[in-house]
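What follows is my_file.csv (CSV, C-alpha atoms).
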chain,number,residue,atom,x,y,z
A,1059,MET,CA,19.9,-13.1,-134.5
A,1060,SER,CA,16.4,-14.5,-135.2
A,1061,THR,CA,14.2,-13.0,-137.9
A,1062,SER,CA,11.7,-11.8,-135.3
A,1063,ALA,CA,14.5,-10.1,-133.2
A,1064,ASP,CA,15.7,-8.5,-136.5
A,1065,ARG,CA,12.3,-7.1,-137.2
A,1066,ALA,CA,12.0,-5.9,-133.6
A,1067,THR,CA,15.3,-4.0,-133.9
A,1068,THR,CA,14.2,-2.6,-137.2
A,1069,LEU,CA,11.0,-1.3,-135.6
A,1070,ALA,CA,13.1,0.3,-132.8
A,1071,ARG,CA,15.5,1.9,-135.3
A,1072,TRP,CA,12.6,3.1,-137.4
A,1073,TRP,CA,11.0,4.8,-134.3
A,1074,VAL,CA,14.2,6.3,-133.1
A,1075,GLY,CA,14.9,7.6,-136.7
A,1076,GLY,CA,11.4,9.1,-136.8
A,1077,TYR,CA,11.4,11.0,-133.5
A,1078,THR,CA,15.0,12.2,-133.8
A,1079,ARG,CA,14.5,13.3,-137.5
A,1080,THR,CA,15.4,17.0,-137.8
A,1081,ALA,CA,16.1,17.3,-134.1
A,1082,PRO,CA,19.0,19.5,-133.1
A,1083,GLU,CA,22.5,18.1,-133.3
A,1084,PRO,CA,24.4,16.5,-131.6
A,1085,ALA,CA,21.5,15.4,-129.4
A,1086,ALA,CA,19.8,13.6,-132.3
A,1087,SER,CA,22.9,11.6,-133.5
A,1088,ASP,CA,23.9,10.9,-129.9
A,1089,ARG,CA,20.5,9.4,-129.2
A,1090,ARG,CA,20.5,7.3,-132.3
A,1091,ALA,CA,24.0,6.0,-131.6
A,1092,GLU,CA,23.1,5.2,-128.0
A,1093,ILE,CA,20.0,3.2,-129.0
A,1094,GLU,CA,22.0,1.4,-131.7
A,1095,SER,CA,24.6,0.3,-129.2
A,1096,ASP,CA,21.9,-0.7,-126.7
A,1097,LEU,CA,20.0,-2.8,-129.4
A,1098,PHE,CA,23.2,-4.4,-130.4
A,1099,GLU,CA,24.0,-5.4,-126.9
A,1100,GLN,CA,20.5,-6.5,-126.1
A,1101,VAL,CA,20.0,-8.9,-129.0
A,1102,ARG,CA,23.4,-10.5,-128.3
A,1103,SER,CA,22.8,-10.7,-124.6
A,1104,THR,CA,23.2,-14.2,-123.0
A,1105,ASP,CA,20.1,-13.5,-120.9
A,1106,PRO,CA,17.2,-15.2,-122.7
A,1107,ALA,CA,14.6,-12.8,-121.2
A,1108,ALA,CA,16.6,-9.8,-122.3
A,1109,HIS,CA,17.2,-10.7,-125.9
A,1110,SER,CA,13.6,-11.8,-126.7
A,1111,THR,CA,11.7,-10.1,-129.4
A,1112,TRP,CA,9.0,-8.9,-127.0
A,1113,SER,CA,11.6,-7.4,-124.7
A,1114,VAL,CA,12.9,-5.2,-127.5
A,1115,VAL,CA,9.4,-4.2,-128.7
A,1116,GLY,CA,8.3,-3.6,-125.1
A,1117,ARG,CA,11.2,-1.3,-124.4
A,1118,THR,CA,10.5,0.7,-127.5
A,1119,VAL,CA,6.8,1.0,-127.0
A,1120,ARG,CA,6.9,1.7,-123.3
A,1121,GLY,CA,9.4,4.5,-124.0
A,1122,ILE,CA,7.3,6.3,-126.5
A,1123,PRO,CA,5.8,8.9,-124.1
A,1124,ASP,CA,9.3,9.7,-122.8
A,1125,ASP,CA,10.8,9.9,-126.4
A,1126,LEU,CA,8.1,12.4,-127.3
A,1127,MET,CA,8.8,14.4,-124.2
A,1128,TRP,CA,12.5,14.4,-125.0
A,1129,ARG,CA,11.8,15.7,-128.4
A,1130,VAL,CA,9.7,18.5,-127.0
A,1131,ALA,CA,12.4,19.3,-124.5
A,1132,VAL,CA,15.2,19.6,-127.1
A,1133,GLU,CA,12.9,21.9,-129.1
A,1134,HIS,CA,13.3,24.5,-126.3
A,1135,GLU,CA,16.9,25.2,-127.4
A,1136,PRO,CA,17.5,28.7,-128.6
A,1137,GLY,CA,17.0,29.3,-132.3
A,1138,ARG,CA,14.7,26.3,-132.9
A,1139,LEU,CA,11.6,28.4,-133.6
A,1140,ASP,CA,13.5,30.2,-136.4
A,1141,TRP,CA,14.8,26.9,-137.7
A,1142,HIS,CA,11.2,25.6,-137.8
A,1143,LEU,CA,9.9,28.7,-139.6
A,1144,ALA,CA,12.7,28.2,-142.2
A,1145,HIS,CA,11.9,24.4,-142.5
A,1146,PRO,CA,8.2,24.2,-141.8
A,1147,ALA,CA,7.6,20.7,-143.1
A,1148,THR,CA,8.6,19.0,-139.7
A,1149,LEU,CA,6.1,21.0,-137.6
A,1150,LEU,CA,3.4,21.0,-140.2
A,1151,GLY,CA,3.8,17.3,-140.9
A,1152,THR,CA,3.5,16.6,-137.1
A,1153,SER,CA,0.4,18.8,-136.9
A,1154,LEU,CA,-1.0,16.8,-139.8
A,1155,VAL,CA,-0.5,13.5,-137.9
A,1156,VAL,CA,-2.0,15.0,-134.7
A,1157,ASP,CA,-4.9,16.4,-136.8
A,1158,VAL,CA,-5.7,13.0,-138.3
A,1159,LEU,CA,-5.4,11.2,-135.0
A,1160,LEU,CA,-7.4,13.7,-133.1
A,1161,GLY,CA,-10.0,14.1,-135.9
A,1162,ASN,CA,-10.6,10.4,-136.0
A,1163,LEU,CA,-11.0,10.3,-132.2
A,1164,CYS,CA,-13.5,13.2,-132.3
A,1165,ASP,CA,-15.5,11.4,-135.0
A,1166,ALA,CA,-15.4,8.1,-133.1
A,1167,SER,CA,-16.5,9.9,-129.9
A,1168,VAL,CA,-19.6,11.2,-131.7
A,1169,HIS,CA,-20.6,8.2,-133.9
A,1170,ARG,CA,-19.0,4.9,-132.8
A,1171,PHE,CA,-17.5,4.7,-129.3
A,1172,PRO,CA,-19.8,6.1,-126.5
A,1173,LEU,CA,-16.9,5.5,-124.1
A,1174,LEU,CA,-15.1,8.4,-125.7
A,1175,THR,CA,-18.1,10.7,-125.6
A,1176,PRO,CA,-17.2,12.3,-122.2
A,1177,LEU,CA,-13.8,13.3,-123.8
A,1178,ALA,CA,-15.5,15.0,-126.8
A,1179,ALA,CA,-15.7,18.3,-124.9
A,1180,LEU,CA,-11.9,18.3,-124.5
A,1181,MET,CA,-11.0,16.9,-127.9
A,1182,HIS,CA,-13.0,19.2,-130.2
A,1183,PRO,CA,-11.5,22.4,-128.8
A,1184,SER,CA,-8.0,20.8,-129.0
A,1185,LEU,CA,-8.6,19.9,-132.7
A,1186,LEU,CA,-9.7,23.5,-133.3
A,1187,LEU,CA,-6.5,24.7,-131.7
A,1188,VAL,CA,-4.4,22.4,-133.8
A,1189,TRP,CA,-6.1,23.7,-137.0
A,1190,ALA,CA,-5.7,27.3,-135.9
A,1191,PHE,CA,-2.0,26.8,-134.9
A,1192,THR,CA,-1.3,25.1,-138.3
A,1193,VAL,CA,-2.8,27.9,-140.3
A,1194,ALA,CA,-1.1,30.6,-138.2
A,1195,PHE,CA,2.3,28.9,-138.3
A,1196,ALA,CA,2.1,28.4,-142.1
A,1197,LEU,CA,1.2,32.1,-142.5
A,1198,VAL,CA,4.2,33.3,-140.4
A,1199,ALA,CA,6.5,30.8,-142.2
A,1200,MET,CA,5.3,32.1,-145.6
A,1201,THR,CA,6.3,35.7,-144.6
A,1202,ARG,CA,9.8,34.4,-144.0
A,1203,TRP,CA,10.1,32.3,-147.1
A,1204,ARG,CA,13.6,32.6,-148.7
A,1205,PRO,CA,14.2,29.9,-151.4
A,1206,HIS,CA,18.0,29.8,-151.0
A,1207,ARG,CA,17.7,29.3,-147.3
A,1208,ASN,CA,14.6,27.1,-147.2
A,1209,LEU,CA,15.5,24.7,-150.0
A,1210,GLY,CA,19.2,24.7,-149.2
A,1211,ARG,CA,20.7,21.5,-150.7
A,1212,LEU,CA,17.5,19.6,-151.1
A,1213,THR,CA,16.9,17.5,-154.2
A,1214,MET,CA,13.9,18.4,-156.4
A,1215,VAL,CA,12.1,15.3,-155.2
A,1216,ASP,CA,12.6,16.2,-151.5
A,1217,ALA,CA,11.6,19.8,-152.1
A,1218,TRP,CA,8.3,18.6,-153.7
A,1219,ARG,CA,7.7,16.0,-151.0
A,1220,ARG,CA,8.1,18.7,-148.2
A,1221,ALA,CA,6.0,21.1,-150.1
A,1222,SER,CA,3.2,18.5,-150.4
A,1223,ILE,CA,3.4,17.7,-146.7
A,1224,CYS,CA,3.0,21.4,-145.9
A,1225,THR,CA,0.1,21.8,-148.3
A,1226,MET,CA,-1.7,18.8,-147.0
A,1227,SER,CA,-1.4,20.1,-143.4
A,1228,VAL,CA,-2.6,23.6,-144.2
A,1229,ALA,CA,-5.4,22.6,-146.6
A,1230,GLY,CA,-6.7,20.0,-144.1
A,1231,SER,CA,-6.7,22.6,-141.3
A,1232,LEU,CA,-8.4,25.2,-143.5
A,1233,ALA,CA,-11.1,22.7,-144.5
A,1234,GLY,CA,-11.6,21.9,-140.8
A,1235,LEU,CA,-11.8,25.6,-139.8
A,1236,TRP,CA,-14.4,26.3,-142.5
A,1237,ARG,CA,-16.7,23.8,-140.8
A,1238,PHE,CA,-17.4,26.5,-138.3
A,1239,ALA,CA,-18.8,28.9,-140.9
A,1240,PRO,CA,-20.7,26.8,-143.3
A,1241,ASP,CA,-22.9,29.5,-144.7
A,1242,VAL,CA,-20.2,32.0,-145.5
A,1243,TRP,CA,-17.2,29.9,-146.2
A,1244,GLY,CA,-18.6,26.4,-146.7
A,1245,ARG,CA,-17.9,26.4,-150.5
A,1246,PHE,CA,-14.2,27.0,-149.8
A,1247,ALA,CA,-14.0,23.8,-147.8
A,1248,GLY,CA,-14.5,21.9,-151.1
A,1249,LEU,CA,-11.6,23.8,-152.6
A,1250,ALA,CA,-9.4,23.1,-149.6
A,1251,TRP,CA,-10.1,19.4,-149.8
A,1252,GLY,CA,-9.4,19.5,-153.6
A,1253,ILE,CA,-6.0,21.1,-152.8
A,1254,PHE,CA,-5.4,18.5,-150.1
A,1255,GLY,CA,-6.1,15.7,-152.7
A,1256,VAL,CA,-3.6,17.2,-155.2
A,1257,ALA,CA,-1.0,17.4,-152.4
A,1258,VAL,CA,-1.6,13.8,-151.5
A,1259,LEU,CA,-1.1,12.9,-155.2
A,1260,VAL,CA,2.2,14.9,-155.4
A,1261,TYR,CA,3.4,13.2,-152.1
A,1262,LEU,CA,2.7,9.8,-153.6
A,1263,ILE,CA,4.5,10.6,-156.8
A,1264,THR,CA,7.6,11.8,-154.8
A,1265,TRP,CA,7.4,8.7,-152.7
A,1266,LEU,CA,7.3,6.5,-155.8
A,1267,THR,CA,10.1,8.5,-157.4
A,1268,ARG,CA,12.3,8.0,-154.4
A,1269,GLY,CA,11.5,4.3,-154.3
A,1270,ILE,CA,12.3,3.9,-158.0
A,1271,ARG,CA,15.6,5.8,-157.5
A,1272,SER,CA,16.6,3.7,-154.6
A,1273,ALA,CA,15.8,0.5,-156.5
A,1274,LEU,CA,17.8,1.7,-159.5
A,1275,THR,CA,20.7,2.6,-157.2
A,1276,VAL,CA,20.6,-1.0,-155.7
A,1277,LEU,CA,20.4,-2.6,-159.2
A,1278,ASP,CA,23.1,-0.4,-160.6
A,1279,PHE,CA,25.4,-0.9,-157.5
A,1280,GLY,CA,25.2,2.8,-156.6
A,1281,LYS,CA,26.2,4.2,-160.0
A,1282,VAL,CA,22.9,6.2,-160.3
A,1283,SER,CA,23.0,9.4,-158.4
A,1284,SER,CA,20.2,9.7,-155.8
B,1469,MET,CA,10.6,18.2,-118.6
B,1470,VAL,CA,10.2,17.3,-115.0
B,1471,PHE,CA,8.3,19.6,-112.5
B,1472,ARG,CA,9.6,18.9,-109.0
B,1473,LYS,CA,11.3,20.5,-106.1
B,1474,ALA,CA,15.0,21.3,-106.6
B,1475,GLY,CA,17.4,19.0,-105.0
B,1476,THR,CA,15.1,15.9,-105.1
B,1477,LEU,CA,15.8,12.8,-107.1
B,1478,LEU,CA,13.3,10.6,-109.0
B,1479,PRO,CA,13.4,7.0,-108.0
B,1480,LEU,CA,15.0,6.1,-111.3
B,1481,GLU,CA,17.7,8.7,-110.9
B,1482,ARG,CA,18.4,7.5,-107.4
B,1483,SER,CA,18.8,4.0,-108.7
B,1484,ILE,CA,21.1,5.1,-111.5
B,1485,LEU,CA,23.3,7.0,-109.1
B,1486,GLU,CA,23.4,4.0,-106.7
B,1487,VAL,CA,24.4,1.6,-109.5
B,1488,GLY,CA,27.0,4.2,-110.7
B,1489,VAL,CA,28.5,4.8,-107.3
B,1490,ARG,CA,28.9,1.0,-106.8
B,1491,ARG,CA,30.5,0.7,-110.2
B,1492,GLY,CA,33.0,3.5,-109.4
B,1493,GLY,CA,35.2,5.0,-112.1
B,1494,THR,CA,34.8,2.2,-114.6
B,1495,GLY,CA,31.6,3.8,-115.8
B,1496,MET,CA,28.5,2.2,-117.2
B,1497,HIS,CA,26.7,2.0,-120.5
B,1498,GLY,CA,23.0,2.0,-121.3
B,1499,PHE,CA,22.3,-1.7,-121.7
B,1500,TRP,CA,24.4,-2.8,-118.8
B,1501,LEU,CA,22.7,-0.2,-116.6
B,1502,ALA,CA,19.3,-1.4,-117.7
B,1503,GLN,CA,20.2,-4.9,-116.7
B,1504,GLN,CA,21.6,-3.7,-113.3
B,1505,LEU,CA,18.4,-1.8,-112.7
B,1506,ALA,CA,16.2,-4.8,-113.5
B,1507,ASP,CA,18.4,-7.0,-111.2
B,1508,ALA,CA,18.1,-4.5,-108.4
B,1509,GLU,CA,14.3,-4.5,-108.7
B,1510,GLY,CA,14.2,-8.3,-109.1
B,1511,THR,CA,12.4,-8.1,-112.4
B,1512,THR,CA,13.2,-9.4,-115.9
B,1513,SER,CA,11.7,-6.4,-117.6
B,1514,LEU,CA,14.3,-3.9,-118.7
B,1515,VAL,CA,13.6,-0.2,-118.4
B,1516,ALA,CA,12.3,1.4,-121.7
B,1517,HIS,CA,14.8,3.0,-124.0
B,1518,GLY,CA,13.0,6.3,-123.9
B,1519,THR,CA,12.8,6.4,-120.1
B,1520,LEU,CA,16.4,5.4,-119.5
B,1521,TYR,CA,18.1,7.7,-122.0
B,1522,LYS,CA,15.9,10.6,-121.2
B,1523,ALA,CA,16.8,10.2,-117.5
B,1524,LEU,CA,20.5,9.9,-118.4
B,1525,ASP,CA,20.4,12.9,-120.6
B,1526,ARG,CA,18.6,15.0,-117.9
B,1527,MET,CA,21.2,13.9,-115.2
B,1528,ARG,CA,24.1,14.7,-117.5
B,1529,ARG,CA,22.7,18.2,-118.1
B,1530,ALA,CA,22.2,18.6,-114.4
B,1531,GLY,CA,25.9,17.7,-113.8
B,1532,LEU,CA,25.1,14.5,-111.9
B,1533,LEU,CA,26.7,12.3,-114.5
B,1534,GLU,CA,29.5,12.7,-117.0
B,1535,ALA,CA,29.3,11.1,-120.4
B,1536,ARG,CA,32.0,10.2,-122.9
B,1537,TRP,CA,32.0,8.2,-126.1
B,1538,GLU,CA,34.1,5.1,-126.1
B,1539,ASP,CA,37.1,5.1,-128.4
B,1540,ALA,CA,36.0,4.1,-131.9
B,1541,ASP,CA,39.0,1.8,-132.5
B,1542,ALA,CA,38.3,-0.1,-129.3
B,1543,ALA,CA,34.7,-0.6,-130.3
B,1544,ALA,CA,35.7,-1.7,-133.8
B,1545,ASP,CA,38.2,-4.2,-132.3
B,1546,ALA,CA,35.4,-5.6,-130.1
B,1547,GLY,CA,33.1,-5.8,-133.2
B,1548,ARG,CA,30.3,-3.6,-131.8
B,1549,PRO,CA,29.0,-0.1,-132.0
B,1550,ARG,CA,30.6,2.5,-129.7
B,1551,ARG,CA,29.2,2.7,-126.2
B,1552,ARG,CA,28.5,5.9,-124.4
B,1553,ILE,CA,30.1,5.6,-120.9
B,1554,TYR,CA,28.5,7.4,-118.0
B,1555,THR,CA,30.3,8.0,-114.7
B,1556,VAL,CA,28.9,9.6,-111.5
B,1557,THR,CA,30.3,13.1,-110.8
B,1558,ALA,CA,31.1,14.5,-107.4
B,1559,ALA,CA,27.8,16.5,-107.7
B,1560,GLY,CA,26.0,13.2,-108.3
B,1561,VAL,CA,27.5,11.5,-105.2
B,1562,ALA,CA,26.6,14.6,-103.2
B,1563,ALA,CA,23.0,14.6,-104.5
B,1564,LEU,CA,22.7,10.9,-103.6
B,1565,LYS,CA,24.1,11.5,-100.1
B,1566,ALA,CA,21.9,14.6,-99.6
B,1567,THR,CA,18.7,12.6,-100.2
B,1568,THR,CA,19.7,9.5,-98.2
B,1569,PRO,CA,19.2,10.9,-94.7
B,1570,ARG,CA,15.6,11.9,-95.6
B,1571,ARG,CA,14.9,8.3,-96.3
B,1572,ALA,CA,16.5,7.2,-93.1
B,1573,ALA,CA,14.5,9.7,-91.1
B,1574,THR,CA,11.2,8.4,-92.5
B,1575,ARG,CA,12.1,4.9,-91.5
B,1576,ARG,CA,9.8,3.5,-88.9
B,1577,PRO,CA,11.1,3.2,-85.3
B,1578,GLY,CA,12.6,-0.2,-84.7
B,1579,GLU,CA,13.3,-0.9,-88.4
B,1580,ALA,CA,16.8,-2.2,-88.9
B,1581,THR,CA,19.2,0.1,-90.6
B,1582,THR,CA,21.6,-1.4,-93.1
Represent the structure from my file as structure tokens, please.
Amino acid sequence: MSTSADRATTLARWWVGGYTRTAPEPAASDRRAEIESDLFEQVRSTDPAAHSTWSVVGRTVRGIPDDLMWRVAVEHEPGRLDWHLAHPATLLGTSLVVDVLLGNLCDASVHRFPLLTPLAALMHPSLLLVWAFTVAFALVAMTRWRPHRNLGRLTMVDAWRRASICTMSVAGSLAGLWRFAPDVWGRFAGLAWGIFGVAVLVYLITWLTRGIRSALTVLDFGKVSS
Amino acid sequence: MVFRKAGTLLPLERSILEVGVRRGGTGMHGFWLAQQLADAEGTTSLVAHGTLYKALDRMRRAGLLEARWEDADAAADAGRPRRRIYTVTAAGVAALKATTPRRAATRRPGEATT
């Protein structure tokens, strides 16, 4: 297998791992195993068009809308809302990604790309809805907070990482919502951004800690517990 | 999530059933199916992972296909990951047959039937 094909399959695995992460079982593991088998067969195919790097990348990228729709569909299974309220990092992390993407598109529509201007009337209310949903969801999740259930068997590093993702999402949304009442609440936006910054810092520390632990595990041939 | 009239098949679903019926009881796995669909359309572009596996999952849930995982030992002997094998069910054959006459009826007069 060529290096570029290897990178293409790594990209495909990374994407599959991302959108199936925390999805209900056995649907998630079935999907990962199916794509793993497919990638294996494709890169070893005798058909030169099929095993090209671009074919693997193209299949992954073209399938993204369907992958996202699949993830939304499996979230309709009974009990998923309760699961998300007990483990809010997945949904709050997703809303943070949507928030960043949509926020940048909104800013671009106003300042940089006139082509996007007609969409601004649609994007701004959508962003407002994402902010409101994030804050409302976080409030409901907080009322159901049970440490033994929410933290489960998480390591300390993972617990802090998830907490930082949730804090970033909620602080970012609160800062955004306060834009609409600058006279009354404007000063709290600064506080929200401050909390957001601290959460980013905590996230980076957990990310570094995990990296160092992984490196130590590799160097010590797995003797260091992760 | 597909919003459509009950009893209808999407073009991709119809193609999958056609390939599956031709294949018979042997069954088909994802990558082989993607190749067959590309051959049938006369293109070198394989159907996207997301599109193919979402369609297969939807058809399995609808009872048109049956899925089973290949034996782990057989896959290990062949030196590859396990394949998920799909076979067309009786309901799948019936769904394919039920939609076929509609296509024939819309054929223009004088057009050859094969």
For this session: Within 8 Å of (35.0, 5.9, -126.0) (coordinates as in the file), grab all the protein and nucleic acid residues, counting only C-alpha atoms, and write them out as a VMD selection string.
Result: chain B and resid 1536 to 1540 1542 to 1543 1550 to 1553
For this session: Do me a favour and pick out the residues of chain B within 12 Å of chain A, using all atoms listed in the file, as a VMD selection string.
Result: chain B and resid 1469 to 1470 1496 to 1504 1506 to 1507 1511 to 1526 1529 1535 to 1538 1543 1546 to 1554
Exercise. How many Å lie between atom CA of His1134 of chain A and atom CA of Pro1084 of chain A, rounded to one decimal?
Worked result: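 Spanning atom CA of His1134 of chain A to atom CA of Pro1084 of chain A is a straight-line distance of 14.7 Å.
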Exercise. How would you write as a count of residues only the residues that get within 12 Å of (-2.8, 11.8, -143.0) in the file's frame, counting only C-alpha atoms?
Worked result: 28
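Among the candidates A:Ala1179, A:Leu1185, A:Val1193, A:Arg1202, the one nearest to Asp1140 of chain A when counting all atoms listed in the file is A:Arg1202.
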At a cut-off of 10 Å, using only C-alpha atoms, what residues contact Ala1063 of chain A? Leave out same-chain residues fewer than 2 positions from it and give the result as a PDB file with C-alpha atoms, in the coordinates of the input.
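To be explicit, this is the file written out as around.pdb:
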ATOM      1  CA  MET A1059      19.900 -13.100-134.500  1.00  0.00           C
ATOM      2  CA  SER A1060      16.400 -14.500-135.200  1.00  0.00           C
ATOM      3  CA  THR A1061      14.200 -13.000-137.900  1.00  0.00           C
ATOM      4  CA  ARG A1065      12.300  -7.100-137.200  1.00  0.00           C
ATOM      5  CA  ALA A1066      12.000  -5.900-133.600  1.00  0.00           C
ATOM      6  CA  THR A1067      15.300  -4.000-133.900  1.00  0.00           C
ATOM      7  CA  THR A1068      14.200  -2.600-137.200  1.00  0.00           C
ATOM      8  CA  LEU A1069      11.000  -1.300-135.600  1.00  0.00           C
ATOM      9  CA  LEU A1097      20.000  -2.800-129.400  1.00  0.00           C
ATOM     10  CA  GLN A1100      20.500  -6.500-126.100  1.00  0.00           C
ATOM     11  CA  VAL A1101      20.000  -8.900-129.000  1.00  0.00           C
ATOM     12  CA  HIS A1109      17.200 -10.700-125.900  1.00  0.00           C
ATOM     13  CA  SER A1110      13.600 -11.800-126.700  1.00  0.00           C
ATOM     14  CA  THR A1111      11.700 -10.100-129.400  1.00  0.00           C
ATOM     15  CA  TRP A1112       9.000  -8.900-127.000  1.00  0.00           C
ATOM     16  CA  SER A1113      11.600  -7.400-124.700  1.00  0.00           C
ATOM     17  CA  VAL A1114      12.900  -5.200-127.500  1.00  0.00           C
ATOM     18  CA  VAL A1115       9.400  -4.200-128.700  1.00  0.00           C
TER      19      VAL A1115
END
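Straight-line separation from atom CA of Ala1508 of chain B to atom CA of Asp1064 of chain A: 28.5 Å.
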Problem set entry | Length of the atom CA of Leu1163 of chain A to atom CA of Val1260 of chain A vector [Å] |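 Separating atom CA of Leu1163 of chain A from atom CA of Val1260 of chain A is a distance of 27.1 Å.
Residues in contact with Leu1532 of chain B at 8 Å, where all atoms listed in the file are counted and same-chain residues fewer than 6 positions away are skipped, are listed as Val1556, Thr1557, Ala1558, Ala1559, Gly1560, Val1561 and Ala1563 of chain B.
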Restrict the selected residues to C-alpha atoms and save them as an mmCIF file, in the frame of the given file.
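Resulting contents of out32.cif:
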data_model
loop_
_atom_site.group_PDB
_atom_site.id
_atom_site.type_symbol
_atom_site.label_atom_id
_atom_site.label_comp_id
_atom_site.auth_asym_id
_atom_site.auth_seq_id
_atom_site.Cartn_x
_atom_site.Cartn_y
_atom_site.Cartn_z
ATOM 1 C CA VAL B 1556 28.900 9.600 -111.500
ATOM 2 C CA THR B 1557 30.300 13.100 -110.800
ATOM 3 C CA ALA B 1558 31.100 14.500 -107.400
ATOM 4 C CA ALA B 1559 27.800 16.500 -107.700
ATOM 5 C CA GLY B 1560 26.000 13.200 -108.300
ATOM 6 C CA VAL B 1561 27.500 11.500 -105.200
ATOM 7 C CA ALA B 1563 23.000 14.600 -104.500
#
Could you give me segment 1540-1552 of chain B completed to N, CA, C and O atoms, formatted as a CSV table (one decimal), in the coordinates of the input?
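The file below, selection25.csv, is the result:
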chain,number,residue,atom,x,y,z
B,1540,ALA,N,36.5,4.8,-130.8
B,1540,ALA,CA,36.0,4.1,-131.9
B,1540,ALA,C,36.8,2.9,-132.3
B,1540,ALA,O,36.2,1.8,-132.7
B,1541,ASP,N,38.1,3.0,-132.2
B,1541,ASP,CA,39.0,1.8,-132.5
B,1541,ASP,C,38.7,0.6,-131.5
B,1541,ASP,O,38.7,-0.5,-132.0
B,1542,ALA,N,38.6,1.0,-130.3
B,1542,ALA,CA,38.3,-0.1,-129.3
B,1542,ALA,C,37.0,-0.8,-129.6
B,1542,ALA,O,36.9,-2.0,-129.5
B,1543,ALA,N,36.0,0.0,-129.9
B,1543,ALA,CA,34.7,-0.6,-130.3
B,1543,ALA,C,34.8,-1.4,-131.5
B,1543,ALA,O,34.2,-2.5,-131.6
B,1544,ALA,N,35.5,-0.9,-132.5
B,1544,ALA,CA,35.7,-1.7,-133.8
B,1544,ALA,C,36.4,-3.0,-133.5
B,1544,ALA,O,36.0,-4.0,-134.1
B,1545,ASP,N,37.4,-3.0,-132.7
B,1545,ASP,CA,38.2,-4.2,-132.3
B,1545,ASP,C,37.3,-5.2,-131.7
B,1545,ASP,O,37.4,-6.4,-131.9
B,1546,ALA,N,36.3,-4.7,-130.8
B,1546,ALA,CA,35.4,-5.6,-130.1
B,1546,ALA,C,34.2,-6.0,-131.1
B,1546,ALA,O,33.4,-6.8,-130.7
B,1547,GLY,N,34.2,-5.4,-132.2
B,1547,GLY,CA,33.1,-5.8,-133.2
B,1547,GLY,C,31.7,-5.3,-132.8
B,1547,GLY,O,30.7,-6.0,-133.0
B,1548,ARG,N,31.6,-4.2,-132.2
B,1548,ARG,CA,30.3,-3.6,-131.8
B,1548,ARG,C,30.3,-2.1,-132.0
B,1548,ARG,O,31.4,-1.5,-132.1
B,1549,PRO,N,29.1,-1.5,-131.9
B,1549,PRO,CA,29.0,-0.1,-132.0
B,1549,PRO,C,29.6,0.6,-130.7
B,1549,PRO,O,29.7,-0.1,-129.7
B,1550,ARG,N,30.0,1.8,-130.8
B,1550,ARG,CA,30.6,2.5,-129.7
B,1550,ARG,C,29.6,2.6,-128.6
B,1550,ARG,O,28.4,2.8,-128.8
B,1551,ARG,N,30.1,2.5,-127.3
B,1551,ARG,CA,29.2,2.7,-126.2
B,1551,ARG,C,29.4,4.1,-125.6
B,1551,ARG,O,30.5,4.7,-125.7
B,1552,ARG,N,28.3,4.6,-125.1
B,1552,ARG,CA,28.5,5.9,-124.4
B,1552,ARG,C,28.6,5.6,-122.9
B,1552,ARG,O,27.7,5.0,-122.3
